[in-house]
Structure formats: C-alpha cells, structure tokens
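Q: Okay, so here is protein.csv, and as you'll see once you scroll down, it has CSV, C-alpha atoms.
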```
chain,number,residue,atom,x,y,z
A,1,MET,CA,-14.9,7.2,-20.6
A,2,ILE,CA,-18.0,8.1,-18.5
A,3,GLU,CA,-18.7,11.8,-18.9
A,4,ASP,CA,-21.4,12.4,-16.3
A,5,LEU,CA,-20.4,11.1,-12.9
A,6,ARG,CA,-23.9,11.5,-11.3
A,7,SER,CA,-24.6,7.8,-11.2
A,8,LEU,CA,-21.2,7.1,-9.6
A,9,VAL,CA,-20.2,9.9,-7.2
A,10,THR,CA,-21.9,11.7,-4.3
A,11,ILE,CA,-20.3,14.8,-3.0
A,12,ILE,CA,-20.2,15.1,0.8
A,13,THR,CA,-19.3,18.6,2.1
A,14,ALA,CA,-18.6,18.9,5.9
A,15,LEU,CA,-19.6,22.4,7.0
A,16,HIS,CA,-18.2,23.0,10.5
A,17,PRO,CA,-18.7,26.3,12.3
A,18,ALA,CA,-16.1,28.7,11.1
A,19,HIS,CA,-15.2,32.4,11.0
A,20,PHE,CA,-17.1,32.8,7.7
A,21,VAL,CA,-20.6,32.1,9.2
A,22,PRO,CA,-23.2,33.5,8.3
A,23,SER,CA,-21.6,34.3,4.9
A,24,THR,CA,-21.7,31.5,2.3
A,25,ALA,CA,-19.1,33.1,0.1
A,26,ILE,CA,-16.2,30.8,0.8
A,27,VAL,CA,-18.5,27.7,0.5
A,28,GLU,CA,-19.8,29.0,-2.8
A,29,PHE,CA,-16.3,29.7,-4.0
A,30,THR,CA,-14.8,26.3,-3.2
A,31,ASN,CA,-17.9,24.4,-4.2
A,32,ARG,CA,-17.7,25.9,-7.7
A,33,GLY,CA,-14.2,24.4,-8.0
A,34,VAL,CA,-15.6,21.0,-7.1
A,35,ARG,CA,-18.5,21.3,-9.5
A,36,ARG,CA,-16.3,22.4,-12.4
A,37,MET,CA,-14.3,19.2,-12.2
A,38,ARG,CA,-15.3,17.2,-15.2
A,39,GLY,CA,-18.5,15.2,-14.8
A,40,MET,CA,-19.3,16.6,-11.3
A,41,MET,CA,-21.9,19.3,-12.2
A,42,HIS,CA,-24.9,17.1,-11.7
A,43,CYS,CA,-23.8,14.9,-8.9
A,44,ARG,CA,-25.9,14.7,-5.7
A,45,GLN,CA,-24.3,16.7,-2.8
A,46,ILE,CA,-24.9,16.3,0.9
A,47,LEU,CA,-24.1,19.4,3.0
A,48,CYS,CA,-23.4,18.2,6.6
A,49,CYS,CA,-24.0,21.2,8.9
A,50,ASP,CA,-22.1,20.6,12.2
A,51,GLY,CA,-24.3,23.1,14.1
A,52,HIS,CA,-23.4,25.6,16.8
A,53,TYR,CA,-22.0,24.7,20.2
A,54,PRO,CA,-24.4,24.3,23.1
A,55,SER,CA,-22.5,27.0,24.9
A,56,SER,CA,-22.7,29.4,22.0
A,57,PRO,CA,-24.3,32.8,22.7
A,58,GLU,CA,-27.6,33.7,21.2
A,59,SER,CA,-25.9,35.9,18.6
A,60,GLU,CA,-23.8,33.0,17.2
A,61,ARG,CA,-26.8,30.7,17.2
A,62,ALA,CA,-28.7,33.3,15.1
A,63,GLU,CA,-25.7,33.7,12.7
A,64,TYR,CA,-25.6,29.9,12.2
A,65,GLU,CA,-29.4,29.8,11.5
A,66,ARG,CA,-28.9,32.6,8.9
A,67,PHE,CA,-26.1,30.6,7.4
A,68,LYS,CA,-28.3,27.5,7.0
A,69,ALA,CA,-31.1,29.6,5.5
A,70,ARG,CA,-28.7,31.0,2.9
A,71,LEU,CA,-27.5,27.5,2.1
A,72,ALA,CA,-31.1,26.4,1.6
A,73,ASP,CA,-31.6,29.3,-0.8
A,74,LEU,CA,-28.6,28.2,-2.8
A,75,CYS,CA,-29.9,24.7,-2.9
A,76,ARG,CA,-33.1,26.0,-4.5
A,77,LYS,CA,-31.6,28.5,-6.9
A,78,ASP,CA,-27.9,28.0,-7.6
A,79,PRO,CA,-26.9,25.6,-10.4
A,80,PHE,CA,-23.6,24.9,-8.5
A,81,PHE,CA,-25.7,23.3,-5.7
A,82,TYR,CA,-27.6,21.0,-8.0
A,83,ASP,CA,-29.4,18.2,-6.1
A,84,SER,CA,-27.9,19.4,-2.8
A,85,HIS,CA,-29.4,18.3,0.5
A,86,ILE,CA,-28.7,19.9,3.9
A,87,LEU,CA,-28.3,17.6,7.0
A,88,GLN,CA,-28.2,19.1,10.4
A,89,ARG,CA,-25.9,17.1,12.7
A,90,PRO,CA,-27.2,16.0,16.2
A,91,PRO,CA,-26.3,18.2,19.2
A,92,LYS,CA,-22.7,18.2,20.4
A,93,ILE,CA,-21.9,15.7,23.1
A,94,HIS,CA,-20.6,18.5,25.3
A,95,GLY,CA,-20.4,22.2,25.0
A,96,SER,CA,-16.6,22.5,24.8
A,97,ARG,CA,-16.1,20.5,21.6
A,98,ARG,CA,-17.4,20.3,18.1
A,99,ASN,CA,-18.6,17.2,16.4
A,100,THR,CA,-15.7,15.5,14.5
A,101,LEU,CA,-15.6,14.9,10.8
A,102,ALA,CA,-16.1,11.1,11.3
A,103,HIS,CA,-19.3,11.8,13.3
A,104,ASN,CA,-20.5,14.1,10.6
A,105,LEU,CA,-19.7,11.7,7.8
A,106,ILE,CA,-21.4,8.7,9.3
A,107,GLN,CA,-24.7,10.7,9.5
A,108,ALA,CA,-24.4,11.3,5.7
A,109,PHE,CA,-23.8,7.6,5.1
A,110,GLU,CA,-26.8,6.7,7.3
A,111,SER,CA,-29.1,9.3,5.6
A,112,GLY,CA,-30.1,7.1,2.7
A,113,LEU,CA,-29.1,9.8,0.3
A,114,ILE,CA,-26.0,8.0,-1.0
A,115,GLU,CA,-27.0,5.8,-3.9
A,116,THR,CA,-23.6,5.7,-5.6
A,117,PRO,CA,-20.6,3.4,-5.2
A,118,PHE,CA,-18.2,6.3,-4.6
A,119,VAL,CA,-18.1,9.6,-2.7
A,120,PHE,CA,-16.1,12.8,-3.0
A,121,LEU,CA,-15.2,14.2,0.4
A,122,HIS,CA,-14.9,18.0,0.4
A,123,GLN,CA,-14.3,20.6,3.1
A,124,PRO,CA,-15.1,24.3,2.5
A,125,ASP,CA,-11.6,25.6,3.2
A,126,ARG,CA,-10.1,23.5,0.4
A,127,PHE,CA,-10.1,24.7,-3.2
A,128,CYS,CA,-10.0,21.9,-5.9
A,129,SER,CA,-8.5,22.6,-9.2
A,130,PRO,CA,-11.0,21.8,-12.0
A,131,ASP,CA,-8.1,20.4,-13.9
A,132,ALA,CA,-8.0,17.4,-11.6
A,133,ASP,CA,-8.9,14.5,-14.0
A,134,SER,CA,-12.0,13.4,-12.1
A,135,GLN,CA,-13.3,11.3,-14.9
A,136,ARG,CA,-10.2,9.2,-15.2
A,137,ILE,CA,-9.9,8.9,-11.4
A,138,VAL,CA,-13.5,7.5,-11.1
A,139,ASN,CA,-12.8,5.3,-14.1
A,140,CYS,CA,-9.8,3.9,-12.2
A,141,LEU,CA,-12.0,3.2,-9.2
A,142,CYS,CA,-14.5,1.4,-11.4
A,143,LYS,CA,-11.9,-0.8,-13.0
A,144,GLU,CA,-9.5,-1.4,-10.1
A,145,PRO,CA,-11.4,-2.9,-7.1
A,146,GLN,CA,-8.2,-2.9,-5.0
A,147,VAL,CA,-8.1,0.9,-5.2
A,148,ALA,CA,-10.0,2.3,-2.2
A,149,ILE,CA,-9.2,6.0,-2.1
A,150,ILE,CA,-7.5,8.5,-4.5
A,151,HIS,CA,-6.5,11.7,-2.7
A,152,LEU,CA,-6.1,15.0,-4.6
A,153,MET,CA,-2.7,15.9,-3.3
A,154,GLU,CA,-2.7,19.3,-1.6
A,155,ASN,CA,-0.4,22.3,-1.6
A,156,ASN,CA,-0.3,23.6,1.9
A,157,LEU,CA,1.8,26.7,2.9
A,158,ILE,CA,2.4,25.1,6.3
A,159,PHE,CA,3.3,21.5,5.3
A,160,GLY,CA,4.2,22.0,1.6
A,161,VAL,CA,3.8,19.3,-1.0
A,162,ASP,CA,6.0,16.3,-0.4
A,163,PRO,CA,4.4,12.8,-1.0
A,164,GLN,CA,7.6,11.2,0.5
A,165,ALA,CA,7.2,13.1,3.8
A,166,GLU,CA,6.8,11.4,7.1
A,167,TRP,CA,3.0,11.4,7.0
A,168,TYR,CA,2.5,10.0,3.5
A,169,ARG,CA,5.7,8.0,2.9
A,170,ALA,CA,4.4,7.6,-0.7
A,171,GLU,CA,6.2,6.1,-3.6
A,172,ARG,CA,5.6,7.3,-7.1
A,173,LEU,CA,4.2,4.8,-9.6
A,174,ALA,CA,6.2,4.7,-12.8
A,175,GLU,CA,4.3,6.0,-15.9
A,176,PRO,CA,2.7,4.6,-17.9
A,177,ASN,CA,1.2,2.4,-15.3
A,178,ARG,CA,-1.8,0.1,-15.1
A,179,PHE,CA,-4.0,2.9,-13.6
A,180,GLY,CA,-3.3,5.4,-16.4
A,181,LEU,CA,-2.9,8.2,-13.8
A,182,PRO,CA,0.0,10.1,-12.1
A,183,LEU,CA,-0.3,8.3,-8.8
A,184,TRP,CA,1.8,7.8,-5.7
A,185,LYS,CA,1.1,4.8,-3.5
A,186,THR,CA,0.7,5.6,0.2
A,187,GLY,CA,-0.5,3.7,3.2
A,188,SER,CA,-1.8,6.8,5.0
A,189,TYR,CA,-5.5,7.8,5.1
A,190,THR,CA,-6.3,11.4,5.4
A,191,ASP,CA,-9.6,13.3,5.3
A,192,HIS,CA,-8.2,15.8,2.8
A,193,GLU,CA,-10.1,15.9,-0.6
A,194,HIS,CA,-10.5,12.5,-2.2
A,195,PHE,CA,-12.6,10.1,-4.2
A,196,GLY,CA,-13.3,7.0,-2.2
A,197,ARG,CA,-15.3,3.8,-2.1
A,198,VAL,CA,-18.5,3.9,0.0
A,199,SER,CA,-17.6,0.3,1.0
A,200,TYR,CA,-14.3,1.4,2.3
A,201,TYR,CA,-15.9,3.8,4.7
A,202,ARG,CA,-18.6,1.3,5.8
A,203,ASP,CA,-16.3,-1.7,6.1
A,204,ILE,CA,-13.0,-0.1,7.3
A,205,VAL,CA,-13.2,3.5,8.5
A,206,PHE,CA,-16.4,3.5,10.5
A,207,PRO,CA,-15.8,0.2,12.3
A,208,TYR,CA,-12.5,1.6,13.6
A,209,THR,CA,-14.0,4.9,14.6
A,210,ALA,CA,-16.8,3.1,16.4
A,211,THR,CA,-14.6,0.8,18.5
A,212,ARG,CA,-11.5,3.0,19.0
A,213,CYS,CA,-13.1,6.3,19.8
A,214,GLN,CA,-14.8,7.5,22.9
A,215,PRO,CA,-17.5,8.6,22.3
A,216,PRO,CA,-17.9,6.5,19.1
A,217,HIS,CA,-16.8,8.4,16.0
A,218,HIS,CA,-15.6,11.4,18.0
A,219,CYS,CA,-11.9,11.3,17.0
A,220,LEU,CA,-9.5,12.1,14.1
A,221,MET,CA,-9.9,9.4,11.5
A,222,GLU,CA,-6.2,9.8,10.4
A,223,ARG,CA,-5.0,8.9,13.9
A,224,THR,CA,-7.6,6.1,14.4
A,225,LEU,CA,-7.0,4.0,11.3
A,226,PRO,CA,-3.9,1.9,11.6
A,227,ARG,CA,-1.1,2.3,9.1
A,228,PRO,CA,-0.3,1.2,6.5
A,229,GLN,CA,-3.7,1.0,4.7
A,230,GLU,CA,-3.9,-0.8,1.4
A,231,GLY,CA,-5.4,0.7,-1.7
A,232,ILE,CA,-4.7,4.4,-0.9
A,233,TYR,CA,-3.1,6.6,-3.5
A,234,LEU,CA,-2.2,10.3,-4.1
A,235,TYR,CA,-3.1,12.0,-7.4
A,236,LEU,CA,-0.3,14.5,-8.3
A,237,PRO,CA,0.5,15.4,-11.9
A,238,PRO,CA,4.1,16.4,-12.4
A,239,ASP,CA,3.1,19.7,-14.0
A,240,GLY,CA,0.1,21.9,-14.1
A,241,PRO,CA,-2.0,23.2,-11.2
A,242,VAL,CA,-1.9,21.4,-7.9
A,243,PRO,CA,-5.0,19.2,-7.4
A,244,HIS,CA,-6.1,21.1,-4.3
A,245,VAL,CA,-5.0,24.1,-2.2
A,246,ASN,CA,-5.8,24.9,1.4
A,247,ILE,CA,-7.4,28.3,1.8
A,248,GLY,CA,-9.2,30.1,4.6
A,249,THR,CA,-6.9,28.9,7.4
A,250,LYS,CA,-5.7,31.7,9.7
A,251,ALA,CA,-2.2,30.2,10.0
A,252,HIS,CA,-1.7,30.9,6.3
A,253,TRP,CA,-2.2,34.6,6.5
A,254,ALA,CA,-0.2,37.6,7.8
A,255,PRO,CA,-1.1,38.3,11.5
A,256,ASP,CA,-2.9,41.5,10.6
A,257,GLU,CA,-4.9,40.3,7.7
A,258,LEU,CA,-8.4,40.1,8.9
A,259,GLY,CA,-10.3,36.9,8.2
A,260,GLY,CA,-13.6,38.7,7.6
A,261,LYS,CA,-16.5,36.6,6.3
A,262,GLY,CA,-15.5,35.8,2.8
A,263,VAL,CA,-12.6,34.9,0.5
A,264,LEU,CA,-9.4,36.8,1.2
A,265,ALA,CA,-7.3,38.7,-1.3
A,266,SER,CA,-4.4,36.4,-0.3
A,267,ASP,CA,-6.6,33.3,-1.0
A,268,LEU,CA,-6.9,34.5,-4.6
A,269,LYS,CA,-3.2,35.4,-4.8
A,270,LEU,CA,-2.2,32.0,-3.5
A,271,LEU,CA,-4.3,30.3,-6.2
A,272,ARG,CA,-2.8,32.5,-8.9
A,273,TYR,CA,0.7,31.5,-7.7
A,274,PHE,CA,-0.2,27.8,-8.2
A,275,GLY,CA,-1.4,28.5,-11.7
A,276,ILE,CA,-5.2,28.6,-11.0
A,277,ASP,CA,-7.2,31.6,-12.2
A,278,PRO,CA,-9.7,32.2,-9.5
A,279,SER,CA,-11.8,34.9,-11.3
A,280,PRO,CA,-14.4,32.5,-12.7
A,281,TYR,CA,-15.3,31.4,-9.2
A,282,CYS,CA,-15.7,34.9,-7.8
A,283,GLU,CA,-18.6,36.0,-10.1
A,284,GLY,CA,-21.5,37.3,-8.1
A,285,LEU,CA,-20.0,36.7,-4.7
A,286,VAL,CA,-20.4,39.7,-2.4
A,287,ASP,CA,-17.8,38.8,0.3
A,288,ILE,CA,-14.7,38.6,-1.9
A,289,THR,CA,-12.0,40.8,-0.2
A,290,VAL,CA,-10.0,42.2,-3.1
A,291,GLY,CA,-8.4,45.6,-2.3
A,292,PRO,CA,-5.8,47.7,-4.1
A,293,ARG,CA,-3.2,47.1,-1.3
A,294,GLU,CA,-1.2,43.9,-1.1
A,295,GLN,CA,0.1,43.4,2.4
A,296,THR,CA,3.9,43.3,2.8
A,297,GLU,CA,3.6,40.8,5.7
A,298,TYR,CA,1.8,38.3,3.5
A,299,GLU,CA,4.4,38.7,0.7
A,300,THR,CA,7.1,38.0,3.2
A,301,PHE,CA,5.3,35.0,4.6
A,302,LEU,CA,4.6,33.6,1.1
A,303,ALA,CA,8.3,34.0,0.2
A,304,SER,CA,9.4,32.2,3.4
A,305,ARG,CA,7.3,29.2,2.5
A,306,MET,CA,8.4,28.8,-1.1
A,307,SER,CA,10.9,26.1,-0.1
A,308,HIS,CA,7.9,24.0,1.1
A,309,MET,CA,6.0,24.1,-2.2
A,310,ARG,CA,6.2,21.5,-5.0
A,311,VAL,CA,9.4,20.1,-3.6
A,312,THR,CA,9.5,16.8,-5.7
A,313,ARG,CA,12.4,16.8,-8.1
A,314,ASP,CA,10.4,16.7,-11.3
A,315,GLN,CA,8.4,19.7,-10.2
A,316,GLN,CA,11.4,21.8,-9.2
A,317,SER,CA,11.6,23.5,-12.6
A,318,VAL,CA,8.0,24.6,-12.3
A,319,ASP,CA,8.7,26.1,-8.9
A,320,ASN,CA,11.7,28.0,-10.0
A,321,SER,CA,10.0,29.5,-13.0
A,322,ARG,CA,7.0,30.6,-10.8
A,323,ALA,CA,9.4,32.0,-8.1
A,324,ALA,CA,11.2,34.0,-10.8
A,325,GLU,CA,8.0,35.3,-12.2
A,326,GLN,CA,6.9,36.2,-8.7
A,327,GLY,CA,10.1,38.1,-8.1
A,328,ASN,CA,9.7,40.1,-11.2
A,329,ARG,CA,6.3,41.5,-10.1
```
Transcribe the structure of this file into structure tokens.

A:
Amino acid sequence: MIEDLRSLVTIITALHPAHFVPSTAIVEFTNRGVRRMRGMMHCRQILCCDGHYPSSPESERAEYERFKARLADLCRKDPFFYDSHILQRPPKIHGSRRNTLAHNLIQAFESGLIETPFVFLHQPDRFCSPDADSQRIVNCLCKEPQVAIIHLMENNLIFGVDPQAEWYRAERLAEPNRFGLPLWKTGSYTDHEHFGRVSYYRDIVFPYTATRCQPPHHCLMERTLPRPQEGIYLYLPPDGPVPHVNIGTKAHWAPDELGGKGVLASDLKLLRYFGIDPSPYCEGLVDITVGPREQTEYETFLASRMSHMRVTRDQQSVDNSRAAEQGNR
C-alpha cells in the first residue's frame, strides 16, 4: 500500500465567492479534513479563486483581495496548505454570473501544475471525514484502469444519503469484491468530492463541456455529461462516519441563524451527529461560531430531516442508535 500519495494525487480546491469572504476560516476548517485523510498531507494543492463579479461594489472587491492575501499567507506558513498554489480565474464573461466549476477546473488542468495521474476535487463547503480510506481508493485507481472516478458519498440534510435515488441509481457491489472497497456502481457524474483520473477529465469531461456549453465550459458538468457514464463509483462504508458532509449552505440552517464569516455552531453539531469530532479542525481558527445557546429552530430542522439520513437498510441500525442518543440529550 502506498502511504504518501504526493506522487499520485493533486488536490484541486474551487474557491467561488461566498458569504465567508474575506475570512478563510471555513476554507481552513474543511481543508484540514482533506489533508488529514491518509497520505494526503504532502500532496500538491491548487486553489482556484473564482474572483469577484465585474459588477461587484468596491467594498466586495476589497474583501476578495483581502481573502486572497490571507490565502497566500496560509500557503507560506500553514502546514495544511503544503505546496499550495493560488490561481486567479479570468474575468467573468458577464457581470451577472459567476464562472462555473468546469471553467475553473480547466484552468487548473491547463496550468501545468498537475503532474500526477489522479486529482482530488474539493469544494470549501464540503467536510471530508479523515476516515475515508484514501490510500485504498487511490490504490484501486492504480490497479483498475476501468475505474475513472470514486466519489466520497455525501450526507446532505436536503437530499439525504441514498445511492439508489433517482440521481445516482447506484447498485451496491457485493463484498468482498475485486476492488477491496465498499463501493456502489453508478453511471452518474457529480462534482461532489471525489478522486478521479486526470485522463477522464481531459478525454471525457472537458470535450463535452467545450462543445455542449455556451460559452464553452460555462455549464453544470452533471447536466452536460450524458448518462450513464462507465467507471464511476460511490464510496460508502456501511458503518462509521459518512465520507463527506455538506456544511456552510444556508438552506441547511435555521432561518435566523446568521451565516457570519466562519464555521457555524450547527456545522459542528452536524458533524458530531454523523460521528465526526470536529474539535481537531477548529484549533487556532478565529471565526468559529460556538455559543452557549443551541437554537431551537435548528434542532427542529435537524429532527425533520432525520428520515433523509443514512437511509440504506444496512445503515438503519446506525441511524436509530444516533437518533436515540440525540433524543436523550
């Protein structure tokens, strides 16, 4: 088993303008999760800054410049940003829209900074559990050329976790299987956190986004790639922490919980619910919002979404025990 994945994986982080700018707290928080996955600490990382809108007021432009300056400082000093490089995206095509993820990613692929056969795609509002078996996932990609992408299946309070849902239509592979991993086979590509082949992006993804999108590459990759796609799998262990959890999205929070600039108390509570202790990722961050009051509205919202979480049959016992524990608090 290869322990250090530096020669095999480049991390690509797409940093679109968001409510947290100019704070880097949420980027630092989620990036620590990525780097703590086994073998990922010394991988090269490309930070794709999407830039401000041409129509943005001067105050927002100034905030974004402060955000980039803080990122640059992290790249120089913070071990969790080892060998990290900042790319500033080209100006937006028009003032009313942002650059899409595909447009950001292709710039990273054309930068000359990717010298590995695989990439790990990361977005700052997605927290990756360090328990995801990154070494075995990359080992599978090395040994199985027909495998193009292995997604870290997410737990999302809005959509839940259901590999058999309409979008994924996935089928679980029996274990033990030839891949040695808890995988579900799906024909659906998504930009959610995943390990993928550089060749798949260059040979499949970008040709489609170049010819089917107007302007080229300004579209949602999920809707552009035809389905089914071969070689795409979901990584979802039947027990233990979920591979990745959506945080920082306003739709997840109670209406009166302010987004602020950092990581929210409910972000941390959500991770704890899914069996992830967030405290190691908070050390030294100044914008962590942890107050003595837990909001009733969020409790109600969380309870209302429990039926959407970990709904596969073999995970139901895990859900029920956590729900019971939650009810006793």

Q: Residues within 9 Å of range 213-222 of chain A, please, as a VMD selection string. Count all atoms listed in the file; anything in the same chain fewer than 5 positions from it doesn't count.

A: chain A and resid 93 99 to 104 106 188 to 191 205 to 206 208

Q: Name the closest residue to Leu74 in chain A among the candidates A:Met41, A:Val27, A:Val147, A:Ala108; distances are taken between atoms, counting all atoms listed in the file.

A: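 The shortest atom-to-atom distance to Leu74 in chain A comes from A:Val27.
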
Q: What does the distance from CA of Phe127 in chain A to CA of Phe274 in chain A come to in Å, to one decimal?

A: 11.5 Å

Q: Quick one: of A:Leu270, A:Val198, A:Leu141, A:Cys48, who's nearest to Asn155 in chain A, counting only C-alpha atoms?

A: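 Closest residue, counting only C-alpha atoms: A:Leu270.
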
Q: Nearest to Tyr281 in chain A among A:Leu152, A:Leu47, A:Ile137, A:Leu268, with distances taken over all atoms listed in the file: which residue is it?

A: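 Looking at the shortest contact to Tyr281 in chain A, the residue is A:Leu268.
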
Q: Could you check the closest approach to Met153 in chain A for each of A:Pro228, A:Pro280, A:Pro243, A:Pro79 and tell me which residue wins, using all atoms listed in the file?

A: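 With all atoms listed in the file as the atom set, the closest residue is A:Pro243.
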
Q: Of the candidates A:Ala148, A:Ile46, A:Ala174, A:Ile2, which one gets nearest to Cys75 in chain A if we count all atoms listed in the file?

A: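 Among the listed residues, A:Ile46 lies closest to Cys75 in chain A.
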
Q: Check the smallest atom-to-atom distance from each of A:Glu154, A:Glu63, A:Asp277, A:Glu3 to Val242 in chain A using all atoms listed in the file, then report the winner.

A: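 Result for the nearest residue to Val242 in chain A: A:Glu154.
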
Q: So which residues fall inside 10 Å of (-3.8, 4.7, 5.0) if we count only C-alpha atoms? Mind giving them as a list in words?

A: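 Residues found, by chain and rising number: Ala148, Ile149, Trp167, Tyr168, Lys185, Thr186, Gly187, Ser188, Tyr189, Thr190, Glu222, Arg223, Leu225, Pro226, Arg227, Pro228, Gln229, Glu230, Gly231, Ile232 and Tyr233 of chain A.
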
Q: Grab the CA of Pro182 in chain A to CA of Pro238 in chain A distance for me, in Å with one decimal place.

A: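 These atoms are spaced 7.5 Å apart.
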
Q: If you measure from CA of Phe81 in chain A to CA of Ser56 in chain A, what distance in Å do you get, rounded to one decimal?

A: 28.5 Å

Q: Taking (-24.5, 8.0, -6.9) in the file's own coordinates, collect the residues within 8 Å, counting all atoms listed in the file, and hand them back as a PyMOL selection string.

A: chain A and resi 5-10+43-44+114-119
